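Structure first, commentary second.
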Amino acid sequence: MNLALFDLDHTLLPLDSDYEWGQFLCRVGAVDAAEFARRNDEFFAQYQAGTLDPVVYLEFALGTLAAFPRPRLDQLQAQFMAEVIAPAIKPSARALLQKHLDAGDLVAIVTATNHYVTAPIAAALGVEHLIAAMPEVAEDGAITGKLLGTPTQGHGKVAHTKAWLERLGKRLEDFDTVHFYSDSHNDIPLMSVVSHPVATNPNAALTSHAAAQGWPTIKLFND
């Protein structure tokens, strides 16, 4: 068995699910659109520039989730999946995932976006294993707004991936081949410890780094 790891946003999806979730909440009037959009845009720009403090952002994102009763939050999530995510899932992304699944590879999505937003996306893509920022959940199912553990970003993706494998009784070294597909220079730490890093729809910084390292580059989307 080999291992295939995938970033989510701009890698398997031609959008940023976290950012689009915020835009969706603004559009349906669930949050103060002007203030939320300002902060969301600010965080997104920081992410693209590689200057985002993941803890500060996650406290903002999870705090937003905590503002809704769980039934209302779940209704919003279902609407978001139907209106935003489902139309954005491309056959090219499904085909790449299916290639690894058909080969019998252990497949996982490793994303900095929180687990609540991304769990139904992973399910829609047919991926069982998801490594994502974990929100604290109360006994009644309500999201408290707190982060459990550490962020799954940058070097955090390496730590969380190794911890996930350890829970399965495995290590990265146990696999003959480990692919990791990502679009972002923020994922260079994890890309640097796998046997087959693949720059996927890469941003400018990752394009340059991948060329210098001799890493392959693929594009799943035309835009």
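The way I read the labels, and the way they are meant: chains A, B, ... in the order of the structure tokens, residue 1 as the first residue of every chain, and ligand 1 as the first ligand shown, with later ones counted on from there.
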Skip segment 29-41 of chain A itself and residues of its chain fewer than 5 positions away, then list as an mmCIF file with N, CA, C and O atoms, in the first residue's frame all residues within 7 Å of it, counting only C-alpha atoms.
```cif
data_model
loop_
_atom_site.group_PDB
_atom_site.id
_atom_site.type_symbol
_atom_site.label_atom_id
_atom_site.label_comp_id
_atom_site.auth_asym_id
_atom_site.auth_seq_id
_atom_site.Cartn_x
_atom_site.Cartn_y
_atom_site.Cartn_z
ATOM 1 N N TYR A 19 -12.665 30.631 2.810
ATOM 2 C CA TYR A 19 -13.013 31.976 2.346
ATOM 3 C C TYR A 19 -14.435 31.985 1.777
ATOM 4 O O TYR A 19 -15.228 32.888 2.069
ATOM 5 N N GLY A 22 -17.152 32.021 4.364
ATOM 6 C CA GLY A 22 -17.389 33.363 4.876
ATOM 7 C C GLY A 22 -18.198 34.207 3.922
ATOM 8 O O GLY A 22 -19.117 34.933 4.340
ATOM 9 N N GLN A 23 -17.866 34.121 2.634
ATOM 10 C CA GLN A 23 -18.624 34.878 1.625
ATOM 11 C C GLN A 23 -20.077 34.419 1.586
ATOM 12 O O GLN A 23 -21.000 35.230 1.429
#
```
Residue neighbourhood segment 153-159 of chain A, 8 Å, only C-alpha atoms, exclusion window fewer than 2 positions, as a ChimeraX atom specification: /A:54,110-112,150-151,161-163,186-190
Phe24 of chain A environment, 10 Å, only C-alpha atoms, sequence neighbours closer than 6 positions dropped, as JSON, numbers by chain: {"A": [18, 30, 31, 33, 76, 77, 79, 80, 83, 84]}
Restricting the calculation to only C-alpha atoms: of A:Pro202, A:Pro216, A:Pro91, A:Gly145, which residue gets closest to Leu65 of chain A?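 Using only C-alpha atoms, the shortest distance to Leu65 of chain A belongs to A:Gly145.
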Name the closest residue to Ala78 of chain A among the candidates A:Phe180, A:Phe221, A:Trp215, A:Trp21; distances are taken between atoms, counting only C-alpha atoms. A:Trp21
Residues of segment 139-212 of chain A in helix (DSSP H, G or I), written as a ChimeraX atom specification: /A:155-167,172-174,185-191,204-212
Separation of atom CA of Leu125 of chain A from atom CA of Gly214 of chain A in Å: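 Answer for the atom CA of Gly214 of chain A to atom CA of Leu125 of chain A separation: 29.2 Å.
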Just give me the gap between atom CA of Ile143 of chain A and atom CA of Tyr57 of chain A in Å, one decimal is fine. 16.0 Å
So, counting only C-alpha atoms, which residue among A:Thr217, A:Asn114, A:Thr144, A:Thr11 is closest to Arg70 of chain A?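 Counting only C-alpha atoms, the residue closest to Arg70 of chain A is A:Thr144.
The shortest atom-to-atom distance to Pro87 of chain A, with only C-alpha atoms taken into account, belongs to A:Leu13 out of A:Asn222, A:Ser184, A:Leu13, A:Leu62.
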DSSP strand (DSSP E or B) residues within segment 143-223 of chain A, as a count of residues only: 18
Between A:Ile89, A:Leu73, A:Leu130, A:Val28, which one has atoms that come closest to Leu15 of chain A, using only C-alpha atoms?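 Once distances to Leu15 of chain A are computed over only C-alpha atoms, the minimum belongs to A:Ile89.
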